$ cat data.cif   # mmCIF, C-alpha atoms, pLDDT in the B column; chains and numbers go by the auth columns
data_coords
#
loop_
_atom_site.group_PDB
_atom_site.id
_atom_site.type_symbol
_atom_site.label_atom_id
_atom_site.label_comp_id
_atom_site.label_asym_id
_atom_site.label_seq_id
_atom_site.Cartn_x
_atom_site.Cartn_y
_atom_site.Cartn_z
_atom_site.B_iso_or_equiv
_atom_site.auth_seq_id
_atom_site.auth_asym_id
ATOM 1 C CA MET A 1 35.436 18.791 -57.900 46.00 1 U
ATOM 2 C CA THR A 2 39.045 17.717 -57.394 58.00 2 U
ATOM 3 C CA GLU A 3 39.595 14.077 -56.578 74.00 3 U
ATOM 4 C CA GLY A 4 41.603 13.547 -53.392 84.00 4 U
ATOM 5 C CA PRO A 5 45.004 11.918 -53.304 92.00 5 U
ATOM 6 C CA PRO A 6 45.277 8.132 -53.405 89.00 6 U
ATOM 7 C CA ALA A 7 46.481 6.395 -50.230 89.00 7 U
ATOM 8 C CA ASP A 8 49.601 4.786 -51.663 95.00 8 U
ATOM 9 C CA TRP A 9 53.062 6.352 -51.908 96.00 9 U
ATOM 10 C CA ALA A 10 53.387 6.333 -55.709 96.00 10 U
ATOM 11 C CA GLY A 11 49.883 7.663 -56.268 96.00 11 U
ATOM 12 C CA LEU A 12 50.302 10.277 -53.568 97.00 12 U
ATOM 13 C CA ASP A 13 53.589 11.498 -55.075 96.00 13 U
ATOM 14 C CA ALA A 14 51.971 11.796 -58.508 96.00 14 U
ATOM 15 C CA TRP A 15 48.938 13.626 -57.075 97.00 15 U
ATOM 16 C CA LEU A 16 51.147 16.065 -55.161 97.00 16 U
ATOM 17 C CA ALA A 17 53.213 16.724 -58.295 97.00 17 U
ATOM 18 C CA ARG A 18 50.012 17.510 -60.242 96.00 18 U
ATOM 19 C CA HIS A 19 48.416 19.727 -57.597 97.00 19 U
ATOM 20 C CA PHE A 20 51.454 21.215 -55.843 98.00 20 U
ATOM 21 C CA GLY A 21 54.201 21.018 -58.452 97.00 21 U
ATOM 22 C CA ASP A 22 55.104 24.629 -57.694 97.00 22 U
ATOM 23 C CA VAL A 23 55.945 23.768 -54.059 98.00 23 U
ATOM 24 C CA ALA A 24 59.589 22.905 -53.409 97.00 24 U
ATOM 25 C CA THR A 25 60.125 19.612 -51.578 98.00 25 U
ATOM 26 C CA ILE A 26 62.782 17.887 -49.533 98.00 26 U
ATOM 27 C CA ASP A 27 62.854 14.184 -48.731 98.00 27 U
ATOM 28 C CA VAL A 28 63.590 12.661 -45.336 98.00 28 U
ATOM 29 C CA PRO A 29 67.207 11.612 -46.070 98.00 29 U
ATOM 30 C CA ALA A 30 68.067 15.102 -47.352 98.00 30 U
ATOM 31 C CA LEU A 31 66.439 16.718 -44.317 98.00 31 U
ATOM 32 C CA CYS A 32 68.402 14.423 -41.987 98.00 32 U
ATOM 33 C CA SER A 33 71.643 15.378 -43.728 98.00 33 U
ATOM 34 C CA TRP A 34 70.761 19.053 -43.400 98.00 34 U
ATOM 35 C CA LEU A 35 69.920 18.723 -39.707 97.00 35 U
ATOM 36 C CA ASP A 36 73.220 16.880 -39.117 97.00 36 U
ATOM 37 C CA ASP A 37 75.290 19.468 -41.021 97.00 37 U
ATOM 38 C CA ARG A 38 76.569 21.919 -38.393 95.00 38 U
ATOM 39 C CA SER A 39 77.978 24.165 -41.144 96.00 39 U
ATOM 40 C CA ARG A 40 74.431 25.068 -42.267 94.00 40 U
ATOM 41 C CA ALA A 41 71.743 26.915 -40.356 92.00 41 U
ATOM 42 C CA PRO A 42 69.019 24.403 -39.511 95.00 42 U
ATOM 43 C CA PRO A 43 65.555 24.869 -40.962 97.00 43 U
ATOM 44 C CA LEU A 44 62.547 25.634 -38.807 97.00 44 U
ATOM 45 C CA LEU A 45 60.330 22.547 -38.804 98.00 45 U
ATOM 46 C CA VAL A 46 56.614 23.378 -38.942 98.00 46 U
ATOM 47 C CA ASP A 47 54.121 20.639 -38.047 98.00 47 U
ATOM 48 C CA VAL A 48 50.881 21.237 -39.980 98.00 48 U
ATOM 49 C CA ARG A 49 48.587 18.718 -38.311 98.00 49 U
ATOM 50 C CA GLU A 50 45.660 18.937 -35.939 98.00 50 U
ATOM 51 C CA PRO A 51 46.435 19.412 -32.232 97.00 51 U
ATOM 52 C CA ALA A 52 45.254 15.853 -31.438 97.00 52 U
ATOM 53 C CA GLU A 53 47.851 14.507 -33.865 98.00 53 U
ATOM 54 C CA GLN A 54 50.574 16.785 -32.516 98.00 54 U
ATOM 55 C CA ARG A 55 49.881 15.679 -28.932 97.00 55 U
ATOM 56 C CA VAL A 56 50.957 12.145 -29.867 98.00 56 U
ATOM 57 C CA SER A 57 54.288 13.154 -31.420 98.00 57 U
ATOM 58 C CA THR A 58 56.104 15.679 -33.583 98.00 58 U
ATOM 59 C CA LEU A 59 59.539 16.002 -35.095 98.00 59 U
ATOM 60 C CA PRO A 60 61.892 17.251 -32.370 97.00 60 U
ATOM 61 C CA GLY A 61 61.824 21.036 -32.058 96.00 61 U
ATOM 62 C CA ALA A 62 58.924 21.582 -34.448 97.00 62 U
ATOM 63 C CA LEU A 63 56.637 24.596 -34.322 97.00 63 U
ATOM 64 C CA CYS A 64 53.050 23.319 -34.251 97.00 64 U
ATOM 65 C CA VAL A 65 50.352 25.034 -36.298 97.00 65 U
ATOM 66 C CA ALA A 66 46.917 23.839 -37.371 97.00 66 U
ATOM 67 C CA PRO A 67 46.072 23.225 -41.042 96.00 67 U
ATOM 68 C CA ALA A 68 43.357 25.895 -40.878 95.00 68 U
ATOM 69 C CA ASP A 69 45.698 28.579 -39.472 96.00 69 U
ATOM 70 C CA ASP A 70 46.011 31.674 -41.631 94.00 70 U
ATOM 71 C CA ALA A 71 49.340 31.732 -43.513 94.00 71 U
ATOM 72 C CA ALA A 72 49.907 35.413 -42.666 93.00 72 U
ATOM 73 C CA ASP A 73 49.487 34.613 -38.959 94.00 73 U
ATOM 74 C CA VAL A 74 51.844 31.639 -39.241 96.00 74 U
ATOM 75 C CA SER A 75 54.360 33.745 -41.161 94.00 75 U
ATOM 76 C CA ARG A 76 54.502 36.257 -38.283 93.00 76 U
ATOM 77 C CA ARG A 77 55.560 33.401 -35.967 93.00 77 U
ATOM 78 C CA LEU A 78 58.516 32.443 -38.174 94.00 78 U
ATOM 79 C CA ASP A 79 62.091 33.674 -38.115 90.00 79 U
ATOM 80 C CA ALA A 80 62.436 35.299 -41.538 86.00 80 U
ATOM 81 C CA ALA A 81 66.129 34.367 -41.671 88.00 81 U
ATOM 82 C CA ARG A 82 65.520 30.620 -41.340 94.00 82 U
ATOM 83 C CA PRO A 83 64.335 28.336 -44.094 97.00 83 U
ATOM 84 C CA VAL A 84 61.123 26.466 -43.302 98.00 84 U
ATOM 85 C CA VAL A 85 60.358 22.776 -43.753 98.00 85 U
ATOM 86 C CA ALA A 86 56.636 22.137 -43.362 98.00 86 U
ATOM 87 C CA TYR A 87 55.316 18.640 -42.763 98.00 87 U
ATOM 88 C CA CYS A 88 52.099 16.818 -41.936 98.00 88 U
ATOM 89 C CA SER A 89 51.228 13.123 -42.023 98.00 89 U
ATOM 90 C CA VAL A 90 52.122 12.525 -45.683 98.00 90 U
ATOM 91 C CA GLY A 91 52.571 15.944 -47.306 97.00 91 U
ATOM 92 C CA VAL A 92 49.157 17.209 -48.444 97.00 92 U
ATOM 93 C CA ARG A 93 48.263 19.668 -45.683 98.00 93 U
ATOM 94 C CA SER A 94 51.854 20.859 -45.433 98.00 94 U
ATOM 95 C CA ALA A 95 51.985 21.444 -49.223 98.00 95 U
ATOM 96 C CA ARG A 96 48.953 23.717 -48.885 97.00 96 U
ATOM 97 C CA LEU A 97 50.609 25.705 -46.106 98.00 97 U
ATOM 98 C CA ALA A 98 53.990 25.785 -47.870 97.00 98 U
ATOM 99 C CA ARG A 99 52.334 27.279 -50.951 97.00 99 U
ATOM 100 C CA ALA A 100 50.401 29.797 -48.873 97.00 100 U
ATOM 101 C CA LEU A 101 53.535 30.819 -46.940 96.00 101 U
ATOM 102 C CA ALA A 102 55.490 31.272 -50.167 94.00 102 U
ATOM 103 C CA ASP A 103 52.606 33.296 -51.631 93.00 103 U
ATOM 104 C CA ALA A 104 52.602 35.437 -48.451 90.00 104 U
ATOM 105 C CA GLY A 105 56.269 36.272 -48.989 90.00 105 U
ATOM 106 C CA THR A 106 57.921 33.875 -46.576 91.00 106 U
ATOM 107 C CA GLY A 107 61.496 33.135 -47.688 89.00 107 U
ATOM 108 C CA ARG A 108 62.571 29.589 -48.495 94.00 108 U
ATOM 109 C CA VAL A 109 59.759 27.122 -47.770 97.00 109 U
ATOM 110 C CA LEU A 110 59.963 23.381 -48.445 98.00 110 U
ATOM 111 C CA ASN A 111 57.436 20.579 -48.041 98.00 111 U
ATOM 112 C CA LEU A 112 58.678 17.339 -46.442 98.00 112 U
ATOM 113 C CA ARG A 113 57.962 14.547 -48.909 98.00 113 U
ATOM 114 C CA GLY A 114 56.325 11.660 -47.044 98.00 114 U
ATOM 115 C CA GLY A 115 55.792 13.761 -43.921 98.00 115 U
ATOM 116 C CA ILE A 116 56.039 12.400 -40.411 98.00 116 U
ATOM 117 C CA PHE A 117 54.904 8.959 -41.623 98.00 117 U
ATOM 118 C CA ASP A 118 58.037 8.505 -43.745 98.00 118 U
ATOM 119 C CA TRP A 119 60.157 9.944 -40.913 98.00 119 U
ATOM 120 C CA ALA A 120 58.699 7.488 -38.382 98.00 120 U
ATOM 121 C CA ASN A 121 58.817 4.548 -40.816 98.00 121 U
ATOM 122 C CA ARG A 122 62.581 5.084 -40.999 98.00 122 U
ATOM 123 C CA GLY A 123 62.855 4.869 -37.197 98.00 123 U
ATOM 124 C CA LEU A 124 63.955 8.488 -36.774 98.00 124 U
ATOM 125 C CA PRO A 125 63.472 10.351 -33.476 98.00 125 U
ATOM 126 C CA LEU A 126 60.073 11.645 -32.459 98.00 126 U
ATOM 127 C CA ALA A 127 59.197 13.997 -29.625 98.00 127 U
ATOM 128 C CA GLY A 128 56.157 13.654 -27.396 96.00 128 U
ATOM 129 C CA PRO A 129 54.725 15.797 -24.627 91.00 129 U
ATOM 130 C CA CYS A 130 56.942 14.095 -22.012 91.00 130 U
ATOM 131 C CA GLY A 131 60.113 13.464 -24.022 94.00 131 U
ATOM 132 C CA ALA A 132 60.873 10.913 -26.700 97.00 132 U
ATOM 133 C CA ALA A 133 57.944 9.268 -28.467 97.00 133 U
ATOM 134 C CA GLN A 134 57.680 6.037 -30.436 96.00 134 U
ATOM 135 C CA ARG A 135 54.347 6.378 -32.211 98.00 135 U
ATOM 136 C CA VAL A 136 52.535 8.697 -34.597 98.00 136 U
ATOM 137 C CA HIS A 137 48.852 9.536 -34.892 98.00 137 U
ATOM 138 C CA GLY A 138 47.591 7.655 -37.964 97.00 138 U
ATOM 139 C CA TYR A 139 45.242 10.471 -39.078 96.00 139 U
ATOM 140 C CA ASP A 140 42.514 8.041 -40.146 95.00 140 U
ATOM 141 C CA ALA A 141 41.994 4.446 -41.288 94.00 141 U
ATOM 142 C CA THR A 142 42.611 5.325 -44.936 93.00 142 U
ATOM 143 C CA TRP A 143 45.951 7.049 -44.396 96.00 143 U
ATOM 144 C CA GLU A 144 47.403 5.044 -41.535 96.00 144 U
ATOM 145 C CA ILE A 145 48.101 2.181 -43.950 97.00 145 U
ATOM 146 C CA LEU A 146 51.146 4.239 -45.032 97.00 146 U
ATOM 147 C CA LEU A 147 52.470 4.137 -41.463 98.00 147 U
ATOM 148 C CA ASP A 148 54.349 1.109 -40.154 97.00 148 U
ATOM 149 C CA PRO A 149 51.912 -0.718 -37.811 97.00 149 U
ATOM 150 C CA SER A 150 54.508 -0.670 -35.021 97.00 150 U
ATOM 151 C CA ARG A 151 54.544 3.152 -35.222 97.00 151 U
ATOM 152 C CA ARG A 152 50.758 3.696 -35.139 97.00 152 U
ATOM 153 C CA ALA A 153 49.326 5.308 -32.027 96.00 153 U
#
$ encode --input "data.cif" --output "structure tokens"
Amino acid sequence: MTEGPPADWAGLDAWLARHFGDVATIDVPALCSWLDDRSRAPPLLVDVREPAEQRVSTLPGALCVAPADDAADVSRRLDAARPVVAYCSVGVRSARLARALADAGTGRVLNLRGGIFDWANRGLPLAGPCGAAQRVHGYDATWEILLDPSRRA
């Protein structure tokens, strides 16, 4: 049985490197630079969290899918010409989907290192069901410790 990832940033990064080292990643600052660069086509952001989490907030413009969604079904919803950046709370569920999408033949797929927690911790914009949002679903008591308390829903 595989031990789950530890709930601290350094341990999580090491665990992801061991279990998903084949999945390309992008960090939040690099993603922000890419999104700000009008000379490059923007990536499609794919939120890989449960609907209850997504109802609290997402990254602006993200396509929402559930972690259990079939990669082939998700792939059919994507624009094949656009690179994909998948994210979840911290990067575990999105790494699984990123690998599955790449295995299914989807073009360039990246996993957002630190997920929406790192994004929110940096004070970057969030979208909610009625416009801008300020908080993020903490997933559970173990993982929400990685989310700034002022950003926890």
$ axis_aligned_box --input "data.cif" --around "stretch 31-44 of chain U" --padding-each-side "4 Å" --output "AutoDock Vina command-line options"
--center_x 70.3 --center_y 20.7 --center_z -41.4 --size_x 23.4 --size_y 20.5 --size_z 13.9
$ resolve_selection --input "data.cif" --expression "the PyMOL selection byres ((chain U and resi 15) around 12)" --output "list in words"
Thr2, Glu3, Gly4, Pro5, Pro6, Ala7, Asp8, Trp9, Ala10, Gly11, Leu12, Asp13, Ala14, Leu16, Ala17, Arg18, His19, Phe20, Gly21, Val90, Gly91, Val92 and Ala95 of chain U
$ closest_residue --input "data.cif" --among "U:Val109, U:Ala24, U:Ala86, U:Val56" --to "U:Arg152" --atoms "only C-alpha atoms"
U:Val56
$ resolve_selection --input "data.cif" --expression "the PyMOL selection byres ((chain U and resi 104) around 12)" --output "number ranges by chain"
U: 70-76, 97-103, 105-109
$ resolve_selection --input "data.cif" --expression "the PyMOL selection byres ((chain U and resi 145) around 12)" --output "list in words"
Pro6, Ala7, Asp8, Trp9, Ser89, Val90, Phe117, Asp118, Asn121, His137, Gly138, Tyr139, Asp140, Ala141, Thr142, Trp143, Glu144, Leu146, Leu147, Asp148, Pro149, Ser150, Arg151 and Arg152 of chain U
$ atom_distance --input "data.cif" --atom1 "atom CA of U:Leu126" --atom2 "atom CA of U:Val23"
25.1 Å
$ atom_distance --input "data.cif" --atom1 "atom CA of U:Ser94" --atom2 "atom CA of U:Asp47"
7.7 Å
$ closest_residue --input "data.cif" --among "U:Arg77, U:Arg55, U:Arg113, U:Arg49" --to "U:Pro129" --atoms "all atoms listed in the file"
U:Arg55
$ residues_near_point --input "data.cif" --point "(58.9, 16.8, -49.0)" --cutoff "6 Å" --atoms "only C-alpha atoms" --output "list in words"
Thr25, Ile26, Asp27, Asn111, Leu112 and Arg113 of chain U
$ decode --input "data.cif" --residues "stretch 72-84 of chain U" --atoms "N, CA and C atoms" --output "tab-separated table (two decimals), in the first residue's frame"
chain	number	residue	atom	x	y	z
U	72	ALA	N	-10.44	10.30	-20.78
U	72	ALA	CA	-10.86	10.37	-22.19
U	72	ALA	C	-12.04	11.32	-22.34
U	73	ASP	N	-12.97	11.29	-21.38
U	73	ASP	CA	-14.11	12.21	-21.41
U	73	ASP	C	-13.64	13.65	-21.22
U	74	VAL	N	-12.73	13.86	-20.29
U	74	VAL	CA	-12.20	15.21	-20.06
U	74	VAL	C	-11.47	15.68	-21.31
U	75	SER	N	-10.68	14.82	-21.90
U	75	SER	CA	-9.91	15.18	-23.09
U	75	SER	C	-10.81	15.68	-24.22
U	76	ARG	N	-11.97	15.08	-24.36
U	76	ARG	CA	-12.92	15.50	-25.42
U	76	ARG	C	-13.46	16.91	-25.17
U	77	ARG	N	-13.39	17.39	-23.93
U	77	ARG	CA	-13.87	18.73	-23.59
U	77	ARG	C	-12.80	19.80	-23.78
U	78	LEU	N	-11.58	19.39	-24.10
U	78	LEU	CA	-10.46	20.31	-24.21
U	78	LEU	C	-10.25	20.76	-25.64
U	79	ASP	N	-9.69	21.93	-25.81
U	79	ASP	CA	-9.26	22.43	-27.10
U	79	ASP	C	-7.87	21.86	-27.34
U	80	ALA	N	-7.74	20.99	-28.31
U	80	ALA	CA	-6.47	20.29	-28.56
U	80	ALA	C	-5.32	21.24	-28.86
U	81	ALA	N	-5.62	22.45	-29.30
U	81	ALA	CA	-4.57	23.41	-29.65
U	81	ALA	C	-4.02	24.15	-28.43
U	82	ARG	N	-4.73	24.11	-27.32
U	82	ARG	CA	-4.29	24.85	-26.14
U	82	ARG	C	-3.58	23.96	-25.14
U	83	PRO	N	-2.49	24.45	-24.58
U	83	PRO	CA	-1.88	23.71	-23.48
U	83	PRO	C	-2.82	23.72	-22.27
U	84	VAL	N	-2.67	22.73	-21.42
U	84	VAL	CA	-3.53	22.57	-20.25
U	84	VAL	C	-2.70	22.70	-18.99
